[in-house]
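Q: Input structure: data.pdb, which contains PDB, C-alpha atoms.
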```
ATOM      1  CA  MET A  24     115.396  66.950  89.036
ATOM      2  CA  ASN A  25     112.289  66.444  91.153
ATOM      3  CA  LEU A  26     112.191  69.286  93.674
ATOM      4  CA  ARG A  27     110.566  66.893  96.135
ATOM      5  CA  ASN A  28     113.506  64.485  96.119
ATOM      6  CA  PRO A  29     114.786  64.128  99.693
ATOM      7  CA  THR A  30     117.999  65.955 100.525
ATOM      8  CA  THR A  31     117.883  64.682 104.100
ATOM      9  CA  ILE A  32     121.028  63.131 105.545
ATOM     10  CA  VAL A  33     121.128  61.205 108.829
ATOM     11  CA  ASP A  34     124.388  60.663 110.709
ATOM     12  CA  PRO A  35     124.035  57.074 112.018
ATOM     13  CA  ASP A  36     126.723  57.682 114.639
ATOM     14  CA  LYS A  37     124.700  60.494 116.203
ATOM     15  CA  CYS A  38     121.222  59.006 115.764
ATOM     16  CA  THR A  39     119.873  57.384 118.938
ATOM     17  CA  GLY A  40     116.811  55.892 117.273
ATOM     18  CA  CYS A  41     114.384  57.924 119.369
ATOM     19  CA  GLY A  42     111.993  58.191 116.400
ATOM     20  CA  ILE A  43     110.875  61.746 117.177
ATOM     21  CA  CYS A  44     111.707  62.810 113.632
ATOM     22  CA  LEU A  45     109.255  60.291 112.200
ATOM     23  CA  GLY A  46     106.401  61.810 114.173
ATOM     24  CA  VAL A  47     106.862  65.329 112.789
ATOM     25  CA  CYS A  48     107.670  64.427 109.169
ATOM     26  CA  PRO A  49     104.685  65.278 106.903
ATOM     27  CA  SER A  50     105.991  63.211 103.974
ATOM     28  CA  ASP A  51     106.973  59.876 105.573
ATOM     29  CA  THR A  52     110.498  60.513 104.358
ATOM     30  CA  LEU A  53     112.142  58.684 107.269
ATOM     31  CA  SER A  54     111.864  55.229 108.781
ATOM     32  CA  LEU A  55     113.564  53.470 111.689
ATOM     33  CA  ILE A  56     115.690  50.553 110.536
ATOM     34  CA  ASN A  57     117.777  48.620 113.049
ATOM     35  CA  GLY A  58     117.294  51.410 115.558
ATOM     36  CA  VAL A  59     118.499  54.216 113.275
ATOM     37  CA  ALA A  60     116.555  56.804 111.267
ATOM     38  CA  VAL A  61     116.984  56.180 107.546
ATOM     39  CA  VAL A  62     115.724  58.055 104.482
ATOM     40  CA  THR A  63     113.325  55.607 102.819
ATOM     41  CA  GLY A  64     110.680  57.883 101.271
ATOM     42  CA  GLU A  65     110.869  59.236  97.742
ATOM     43  CA  ASN A  66     109.477  62.656  98.577
ATOM     44  CA  SER A  67     110.285  65.421 101.050
ATOM     45  CA  LEU A  68     108.840  68.863 101.688
ATOM     46  CA  SER A  69     112.279  70.037 102.839
ATOM     47  CA  CYS A  70     110.501  71.686 105.762
ATOM     48  CA  GLY A  71     113.296  70.914 108.189
ATOM     49  CA  HIS A  72     110.991  69.587 110.916
ATOM     50  CA  CYS A  73     113.173  66.511 111.365
ATOM     51  CA  MET A  74     116.308  68.620 111.593
ATOM     52  CA  ALA A  75     114.753  71.043 114.063
ATOM     53  CA  VAL A  76     113.387  68.313 116.361
ATOM     54  CA  CYS A  77     116.431  66.028 116.508
ATOM     55  CA  PRO A  78     117.877  66.079 120.046
ATOM     56  CA  THR A  79     121.344  64.995 118.916
ATOM     57  CA  ASP A  80     121.778  67.117 115.747
ATOM     58  CA  ALA A  81     121.975  63.941 113.707
ATOM     59  CA  ILE A  82     119.915  65.233 110.767
ATOM     60  CA  GLU A  83     120.730  67.717 108.034
ATOM     61  CA  VAL A  84     118.478  68.829 105.178
ATOM     62  CA  LYS A  85     120.774  69.891 102.372
ATOM     63  CA  ALA A  86     118.075  71.882 100.577
ATOM     64  CA  LEU A  87     117.992  74.355 103.465
ATOM     65  CA  ASP A  88     120.501  77.196 103.410
ATOM     66  CA  SER A  89     121.909  78.025 106.843
ATOM     67  CA  GLU A  90     122.699  81.541 105.589
ATOM     68  CA  MET A  91     118.974  82.266 105.684
ATOM     69  CA  THR A  92     119.154  82.350 109.490
ATOM     70  CA  SER A  93     122.134  84.726 109.571
ATOM     71  CA  PHE A  94     121.258  88.405 109.553
ATOM     72  CA  GLU A  95     123.241  91.557 108.864
ATOM     73  CA  THR A  96     121.386  94.056 111.033
ATOM     74  CA  PHE A  97     120.796  92.019 114.191
ATOM     75  CA  SER A  98     121.921  88.882 115.983
ATOM     76  CA  LEU A  99     119.518  85.956 116.178
ATOM     77  CA  GLU A 100     119.113  83.574 119.090
ATOM     78  CA  LYS A 101     118.745  80.316 117.187
ATOM     79  CA  LYS A 102     117.183  78.291 119.976
ATOM     80  CA  TRP A 103     113.597  77.394 119.096
ATOM     81  CA  MET A 104     110.968  79.438 120.934
ATOM     82  CA  LYS A 105     108.490  77.161 122.687
ATOM     83  CA  PHE A 106     104.760  77.417 122.142
ATOM     84  CA  GLY A 107     103.412  80.157 124.398
ATOM     85  CA  ASP A 108     106.924  81.448 125.126
ATOM     86  CA  PHE A 109     106.382  84.917 123.642
ATOM     87  CA  PRO A 110     104.099  87.464 125.351
ATOM     88  CA  THR A 111     100.898  87.741 123.326
ATOM     89  CA  LYS A 112     100.459  91.313 124.529
ATOM     90  CA  ASP A 113     103.761  92.289 122.897
ATOM     91  CA  LEU A 114     102.807  90.645 119.615
ATOM     92  CA  ALA A 115      99.381  92.305 119.752
ATOM     93  CA  ARG A 116     100.980  95.705 120.303
ATOM     94  CA  LEU A 117     103.302  95.195 117.318
ATOM     95  CA  ILE A 118     100.452  94.073 115.054
ATOM     96  CA  MET A 119      98.250  96.987 116.101
ATOM     97  CA  SER A 120     101.050  99.568 115.895
ATOM     98  CA  ARG A 121     101.839  98.779 112.273
ATOM     99  CA  ARG A 122     100.050 101.281 110.090
ATOM    100  CA  SER A 123     100.230 102.128 106.402
ATOM    101  CA  CYS A 124     102.754 104.944 106.071
ATOM    102  CA  ARG A 125     102.186 107.672 103.478
ATOM    103  CA  ASN A 126     104.795 110.170 104.632
ATOM    104  CA  PHE A 127     108.448 109.228 104.261
ATOM    105  CA  LYS A 128     111.740 110.966 104.928
ATOM    106  CA  ASN A 129     114.362 111.248 102.195
ATOM    107  CA  ASN A 130     116.713 108.762 103.881
ATOM    108  CA  SER A 131     117.618 105.721 101.813
ATOM    109  CA  VAL A 132     116.887 102.237 103.147
ATOM    110  CA  GLU A 133     120.108 100.314 103.662
ATOM    111  CA  PRO A 134     120.516  97.246 101.373
ATOM    112  CA  GLU A 135     121.311  95.037 104.364
ATOM    113  CA  ILE A 136     117.923  95.882 105.878
ATOM    114  CA  LEU A 137     116.177  94.914 102.650
ATOM    115  CA  ARG A 138     118.089  91.629 102.559
ATOM    116  CA  ASP A 139     117.181  90.870 106.172
ATOM    117  CA  LEU A 140     113.519  91.656 105.507
ATOM    118  CA  ILE A 141     113.499  89.122 102.680
ATOM    119  CA  LYS A 142     115.116  86.486 104.879
ATOM    120  CA  LEU A 143     112.349  87.006 107.431
ATOM    121  CA  ALA A 144     109.731  86.906 104.678
ATOM    122  CA  VAL A 145     110.640  83.397 103.548
ATOM    123  CA  PHE A 146     109.914  81.923 106.960
ATOM    124  CA  ALA A 147     106.217  82.429 106.264
ATOM    125  CA  PRO A 148     104.253  79.255 105.544
ATOM    126  CA  SER A 149     103.684  78.314 101.911
ATOM    127  CA  GLY A 150     101.403  75.791 100.229
ATOM    128  CA  THR A 151     103.041  72.321 100.302
ATOM    129  CA  ASN A 152     106.142  74.234 101.433
ATOM    130  CA  SER A 153     106.748  75.270  97.819
ATOM    131  CA  GLN A 154     108.722  78.363  98.862
ATOM    132  CA  GLY A 155     108.353  79.625  95.304
ATOM    133  CA  TRP A 156     108.677  83.287  96.222
ATOM    134  CA  THR A 157     110.537  85.900  94.228
ATOM    135  CA  PHE A 158     111.617  89.290  95.546
ATOM    136  CA  THR A 159     112.578  92.283  93.432
ATOM    137  CA  CYS A 160     114.067  95.210  95.336
ATOM    138  CA  LEU A 161     113.944  98.785  94.107
ATOM    139  CA  SER A 162     116.639 100.029  96.447
ATOM    140  CA  SER A 163     116.850 103.713  95.567
ATOM    141  CA  ARG A 164     114.431 106.605  95.327
ATOM    142  CA  GLN A 165     115.252 106.980  91.630
ATOM    143  CA  ALA A 166     114.440 103.328  90.962
ATOM    144  CA  VAL A 167     111.095 103.815  92.718
ATOM    145  CA  LEU A 168     110.384 106.930  90.645
ATOM    146  CA  ASN A 169     111.268 105.156  87.401
ATOM    147  CA  PHE A 170     108.901 102.344  88.289
ATOM    148  CA  GLY A 171     106.260 104.923  89.146
ATOM    149  CA  VAL A 172     106.491 106.418  85.666
ATOM    150  CA  THR A 173     105.488 103.112  84.070
ATOM    151  CA  ILE A 174     102.582 102.720  86.491
ATOM    152  CA  LYS A 175     101.422 106.270  85.827
ATOM    153  CA  GLN A 176     101.534 105.687  82.071
ATOM    154  CA  PHE A 177      99.372 102.599  82.471
ATOM    155  CA  PHE A 178      96.680 104.517  84.356
ATOM    156  CA  GLN A 179      96.826 107.440  81.952
ATOM    157  CA  ASN A 180      96.029 105.038  79.137
ATOM    158  CA  LEU A 181      93.359 103.306  81.217
ATOM    159  CA  ASN A 182      91.706 106.610  82.043
ATOM    160  CA  LYS A 183      91.606 107.552  78.353
ATOM    161  CA  LYS A 184      89.768 104.327  77.643
ATOM    162  CA  ALA A 185      87.434 104.860  80.597
ATOM    163  CA  GLU A 186      86.507 108.335  79.333
ATOM    164  CA  ASN A 187      85.109 106.754  76.167
ATOM    165  CA  LEU A 188      81.410 106.226  76.863
ATOM    166  CA  PHE A 189      80.857 104.216  73.693
ATOM    167  CA  LEU A 190      83.709 101.874  74.584
ATOM    168  CA  ARG A 191      82.402 101.368  78.124
ATOM    169  CA  ASN A 192      78.871 100.680  76.971
ATOM    170  CA  GLY A 193      80.020  98.471  74.121
ATOM    171  CA  LEU A 194      82.058  96.296  76.472
ATOM    172  CA  LYS A 195      79.104  96.082  78.865
ATOM    173  CA  LEU A 196      76.882  94.809  76.046
ATOM    174  CA  VAL A 197      79.204  91.833  75.570
ATOM    175  CA  GLY A 198      79.398  91.169  79.290
ATOM    176  CA  ILE A 199      82.697  92.920  80.049
ATOM    177  CA  LYS A 200      81.902  95.325  82.869
ATOM    178  CA  ALA A 201      85.371  95.940  84.336
ATOM    179  CA  LEU A 202      86.050  99.216  82.507
ATOM    180  CA  ASP A 203      82.691 100.706  83.474
ATOM    181  CA  ALA A 204      83.203  99.604  87.098
ATOM    182  CA  TYR A 205      86.652 101.232  87.083
ATOM    183  CA  TYR A 206      85.189 104.459  85.727
ATOM    184  CA  LYS A 207      82.575 104.630  88.461
ATOM    185  CA  GLU A 208      84.893 103.637  91.318
ATOM    186  CA  TYR A 209      88.383 104.917  90.531
ATOM    187  CA  TYR A 210      88.514 107.162  87.469
ATOM    188  CA  ALA A 211      88.011 110.489  89.236
ATOM    189  CA  SER A 212      90.420 109.839  92.106
ATOM    190  CA  VAL A 213      93.079 108.420  89.779
ATOM    191  CA  LYS A 214      92.747 111.443  87.478
ATOM    192  CA  THR A 215      93.186 113.798  90.427
ATOM    193  CA  ALA A 216      96.220 111.869  91.646
ATOM    194  CA  MET A 217      97.852 111.897  88.222
ATOM    195  CA  ASP A 218      97.193 115.621  87.819
ATOM    196  CA  GLU A 219      98.874 116.264  91.160
ATOM    197  CA  MET A 220     101.831 114.092  90.186
ATOM    198  CA  GLU A 221     102.139 115.867  86.833
ATOM    199  CA  ASN A 222     101.553 119.473  87.889
ATOM    200  CA  LYS A 223     102.531 119.640  91.562
ATOM    201  CA  GLY A 224     105.294 117.044  91.729
ATOM    202  CA  LEU A 225     103.476 115.073  94.425
ATOM    203  CA  ASP A 226     104.146 111.357  94.715
ATOM    204  CA  ARG A 227     100.612 110.088  95.043
ATOM    205  CA  LEU A 228     101.636 106.534  94.183
ATOM    206  CA  PHE A 229     104.577 105.699  96.477
ATOM    207  CA  HIS A 230     104.203 108.641  98.887
ATOM    208  CA  GLY A 231     107.914 109.476  98.840
ATOM    209  CA  ALA A 232     109.116 105.970  99.701
ATOM    210  CA  THR A 233     112.801 105.415  99.009
ATOM    211  CA  ALA A 234     112.571 101.658  98.421
ATOM    212  CA  CYS A 235     110.122  99.018  97.272
ATOM    213  CA  ILE A 236     109.960  95.259  97.452
ATOM    214  CA  LEU A 237     107.901  93.491  94.813
ATOM    215  CA  ILE A 238     106.822  90.027  95.902
ATOM    216  CA  GLY A 239     105.987  87.442  93.317
ATOM    217  CA  SER A 240     105.854  83.707  92.960
ATOM    218  CA  ASP A 241     106.737  81.037  90.483
ATOM    219  CA  LYS A 242     103.643  79.751  88.696
ATOM    220  CA  LYS A 243     104.547  76.211  89.766
ATOM    221  CA  ALA A 244     103.878  77.053  93.425
ATOM    222  CA  SER A 245     100.812  75.391  94.945
ATOM    223  CA  CYS A 246      99.249  78.602  96.270
ATOM    224  CA  PRO A 247     101.298  81.424  94.719
ATOM    225  CA  LYS A 248      99.119  84.395  95.671
ATOM    226  CA  GLU A 249      98.499  83.184  99.201
ATOM    227  CA  ASP A 250     102.202  82.427  99.671
ATOM    228  CA  ALA A 251     103.161  85.911  98.516
ATOM    229  CA  MET A 252     100.707  87.605 100.857
ATOM    230  CA  LEU A 253     101.892  85.567 103.854
ATOM    231  CA  ALA A 254     105.479  86.599 103.100
ATOM    232  CA  THR A 255     104.248  90.173 102.744
ATOM    233  CA  GLY A 256     102.784  90.083 106.249
ATOM    234  CA  ASN A 257     106.159  89.082 107.670
ATOM    235  CA  ILE A 258     107.841  92.014 105.930
ATOM    236  CA  LEU A 259     105.256  94.539 107.117
ATOM    237  CA  LEU A 260     105.685  93.564 110.765
ATOM    238  CA  ALA A 261     109.458  93.185 110.583
ATOM    239  CA  ALA A 262     109.818  96.568 108.874
ATOM    240  CA  HIS A 263     108.076  98.239 111.798
ATOM    241  CA  THR A 264     110.509  96.684 114.277
ATOM    242  CA  MET A 265     113.419  97.964 112.149
ATOM    243  CA  GLY A 266     112.159 101.535 112.251
ATOM    244  CA  LEU A 267     110.671 101.521 108.763
ATOM    245  CA  GLY A 268     107.273 102.567 107.555
ATOM    246  CA  SER A 269     105.498 100.496 104.921
ATOM    247  CA  CYS A 270     102.531 100.724 102.597
ATOM    248  CA  LEU A 271     101.007  98.212 100.200
ATOM    249  CA  ILE A 272     100.612  99.710  96.718
ATOM    250  CA  GLY A 273      97.671  97.887  95.202
ATOM    251  CA  PHE A 274      97.489 100.126  92.125
ATOM    252  CA  ALA A 275     100.959  98.955  91.082
ATOM    253  CA  VAL A 276      99.917  95.317  91.465
ATOM    254  CA  GLU A 277      96.803  95.835  89.356
ATOM    255  CA  ALA A 278      98.777  97.620  86.638
ATOM    256  CA  MET A 279     101.308  94.793  86.443
ATOM    257  CA  LYS A 280      98.534  92.216  86.346
ATOM    258  CA  ALA A 281      96.899  93.966  83.387
ATOM    259  CA  ASP A 282     100.088  94.839  81.494
ATOM    260  CA  LYS A 283     102.846  92.234  81.626
ATOM    261  CA  THR A 284     105.283  94.510  79.794
ATOM    262  CA  ILE A 285     105.651  96.592  82.957
ATOM    263  CA  GLN A 286     107.514  93.895  84.850
ATOM    264  CA  GLY A 287     109.788  93.337  81.867
ATOM    265  CA  LYS A 288     110.972  96.917  82.255
ATOM    266  CA  ILE A 289     112.388  96.041  85.676
ATOM    267  CA  ASP A 290     113.784  92.694  84.522
ATOM    268  CA  ILE A 291     111.148  90.437  86.091
ATOM    269  CA  PRO A 292     110.634  87.317  83.911
ATOM    270  CA  ASN A 293     107.238  86.688  82.339
ATOM    271  CA  GLY A 294     107.011  83.388  84.221
ATOM    272  CA  GLU A 295     106.440  85.244  87.466
ATOM    273  CA  ASN A 296     103.355  87.006  88.758
ATOM    274  CA  ILE A 297     103.623  89.933  91.161
ATOM    275  CA  TYR A 298     101.110  89.812  94.012
ATOM    276  CA  ALA A 299     102.341  92.549  96.358
ATOM    277  CA  VAL A 300     104.275  95.802  96.089
ATOM    278  CA  ILE A 301     105.501  97.215  99.392
ATOM    279  CA  ALA A 302     106.676 100.820  99.606
ATOM    280  CA  LEU A 303     109.323 101.219 102.313
ATOM    281  CA  GLY A 304     111.199 104.060 103.929
ATOM    282  CA  TYR A 305     111.909 105.889 107.140
ATOM    283  CA  PRO A 306     108.587 107.303 108.341
ATOM    284  CA  ASP A 307     107.925 110.995 108.692
ATOM    285  CA  GLU A 308     104.909 110.463 110.923
ATOM    286  CA  THR A 309     104.363 109.504 114.571
ATOM    287  CA  TYR A 310     101.292 108.155 116.343
ATOM    288  CA  LYS A 311     100.327 108.234 120.003
ATOM    289  CA  SER A 312      98.109 105.203 120.386
ATOM    290  CA  ILE A 313      96.642 102.175 118.689
ATOM    291  CA  THR A 314      93.083 102.307 117.358
ATOM    292  CA  GLY A 315      90.298  99.850 116.735
ATOM    293  CA  ARG A 316      89.095  98.142 113.571
ATOM    294  CA  LYS A 317      85.731  97.609 111.958
ATOM    295  CA  LYS A 318      84.018  94.657 113.553
ATOM    296  CA  PRO A 319      84.301  91.602 111.264
ATOM    297  CA  ILE A 320      81.770  88.853 110.654
ATOM    298  CA  ILE A 321      82.654  86.015 113.034
ATOM    299  CA  ARG A 322      81.073  82.576 113.005
ATOM    300  CA  PHE A 323      81.442  79.650 115.374
ATOM    301  CA  LYS A 324      80.038  76.321 114.229
TER
END
```
So, in terms of structure tokens, how does the structure I just supplied come out?
A:
Amino acid sequence: MNLRNPTTIVDPDKCTGCGICLGVCPSDTLSLINGVAVVTGENSLSCGHCMAVCPTDAIEVKALDSEMTSFETFSLEKKWMKFGDFPTKDLARLIMSRRSCRNFKNNSVEPEILRDLIKLAVFAPSGTNSQGWTFTCLSSRQAVLNFGVTIKQFFQNLNKKAENLFLRNGLKLVGIKALDAYYKEYYASVKTAMDEMENKGLDRLFHGATACILIGSDKKASCPKEDAMLATGNILLAAHTMGLGSCLIGFAVEAMKADKTIQGKIDIPNGENIYAVIALGYPDETYKSITGRKKPIIRFK
């Protein structure tokens, strides 16, 4: 079945023929015939614009699951928020208050919170509205630790290779400079971290987090990496509002990119790529104020 086939249904008894739906449809799925909106196009993004804009609730998009707007940990006001209807200063404070957390309490993260975070994640934009995300939840501290063991083993093996001067130089001679770059940039700090994990019992990878969400995407998605990172941003902000700390674990992403067998160990199919790993838990740290950022390069043309 073509995933772009329209699943839009118009109730002709409710439709007033106002035509508003036609103006917001990005795929020309609808037309007005005899004063009623009718599905005439062969493709649909299933974005729900037509459904959301209809003043008489005459349109339904079957591909959209209404359960995705029902949450377990809070009640949602389902009326659309108008442009400019949310205080920018409140959004700015939320964005600037979110910080990477590296100190977590032992409390487990409730499964319903993880499910609600994922529901909020999928309302991020995605390329051609592919919505090809995948989410894998490690919902216990033990599951996080087990995952950490596989990541640690990867970097132990990588460090052994990086210690080999002849191997590094040989790869450089044939134009492969990644191992030498890793040795110069990360080898020492990774070795120290692994030593502390091995000998002191410190969690230098997930910082004591009691849950993780791994965000991937189907390879058929238009912009899989970008989609995953946009969904990740939603989770990071939402987690803060729910009282959770979060931290992106880039080392885990890089390990899974280099060694596809790692994701098989947590039952993630080979057809998926993981683009973000978010450590989550109840934070054991408190801040008093927001801070600045490095000044970016900004251009106006």
Q: Show me the residues close to (122.1, 82.7, 108.8) - anything with an atom within 12 Å, counting only C-alpha atoms - and format the list as an MDAnalysis selection string.
A: chainID A and resid 87:101 138:139 142:143
Q: Could you list, as a list in words, every residue within 7 Å of Leu161 (chain A), counting only C-alpha atoms and ignoring same-chain residues fewer than 2 positions away?
A: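 Near Leu161 (chain A), the qualifying residues are Thr159, Ser163, Ala166, Val167, Ala234, Cys235 and Ile236 of chain A.
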Q: Which distance in Å separates CA of Ser69 (chain A) and CA of Ala261 (chain A), to one decimal?
A: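 Straight-line distance from CA of Ser69 (chain A) to CA of Ala261 (chain A) works out to 24.6 Å.
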Q: Within 12 Å of region 251-255 of chain A, which residues of region 260-302 of chain A show up? Give each one with its shortest atom-to-atom distance in Å (one decimal) and the two atoms involved, counting all atoms listed in the file, rows by chain then rising residue number, as CSV.
A:
```
residue,atom,partner,partner_atom,distance
A:Leu260,CA,A:Thr255,CA,8.8
A:Ala261,CA,A:Thr255,CA,9.9
A:Ala262,CA,A:Thr255,CA,10.5
A:Ser269,CA,A:Thr255,CA,10.6
A:Cys270,CA,A:Thr255,CA,10.7
A:Leu271,CA,A:Thr255,CA,9.0
A:Ile272,CA,A:Thr255,CA,11.9
A:Glu295,CA,A:Ala251,CA,11.5
A:Asn296,CA,A:Ala251,CA,9.8
A:Ile297,CA,A:Ala251,CA,8.4
A:Tyr298,CA,A:Ala251,CA,6.3
A:Ala299,CA,A:Met252,CA,6.9
A:Val300,CA,A:Thr255,CA,8.7
A:Ile301,CA,A:Thr255,CA,7.9
A:Ala302,CA,A:Thr255,CA,11.4
```
Q: Just write the chosen residues, C-alpha atoms, as a compact mmCIF listing (two decimals), in the coordinates of the input.
A:
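So the final result, stored in selection.txt, reads:
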```
# COMPACT_ATOMS: atom_id res chain seq x y z
CA LEU A 260 105.68 93.56 110.76
CA ALA A 261 109.46 93.18 110.58
CA ALA A 262 109.82 96.57 108.87
CA SER A 269 105.50 100.50 104.92
CA CYS A 270 102.53 100.72 102.60
CA LEU A 271 101.01 98.21 100.20
CA ILE A 272 100.61 99.71 96.72
CA GLU A 295 106.44 85.24 87.47
CA ASN A 296 103.36 87.01 88.76
CA ILE A 297 103.62 89.93 91.16
CA TYR A 298 101.11 89.81 94.01
CA ALA A 299 102.34 92.55 96.36
CA VAL A 300 104.28 95.80 96.09
CA ILE A 301 105.50 97.22 99.39
CA ALA A 302 106.68 100.82 99.61
```
Q: What do you get, as a ChimeraX atom specification, if you spell out every residue that the PyMOL selection byres ((chain A and resi 179-183) around 12) selects here?
A: /A:172-178,184-188,190-191,201-203,205-218,220-221,277-278,281-282
Q: Using only C-alpha atoms for the distances, tell me which of A:Thr79, A:Asn57, A:Thr233, A:Ser153 is nearest to Gly268 (chain A).
A: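 Residue with the minimum atom-to-atom distance to Gly268 (chain A): A:Thr233.
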Q: Give me the result of the PyMOL selection byres ((chain A and resi 293) around 12) on this file, residue by residue, as a ChimeraX atom specification.
A: /A:239-242,279-280,282-292,294-297
Q: Between CA of His72 (chain A) and CA of Ile56 (chain A), what is the spacing in Å?
A: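 These two atoms are separated by 19.6 Å.
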Q: Record the distance separating CA of His263 (chain A) and CA of Cys124 (chain A), expressed in Å with one decimal.
A: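 So the two atoms, CA of His263 (chain A) and CA of Cys124 (chain A), lie 10.3 Å apart.
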Q: Write out as a list in words each polymer residue whose atoms come within 12 Å of Ser312 (chain A), counting all atoms listed in the file; drop sequence neighbours fewer than 3 positions from it.
A: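 My reading of the contact set: Arg116, Leu117, Met119, Ser120, Arg121, Arg122, Thr309 and Gly315 of chain A.
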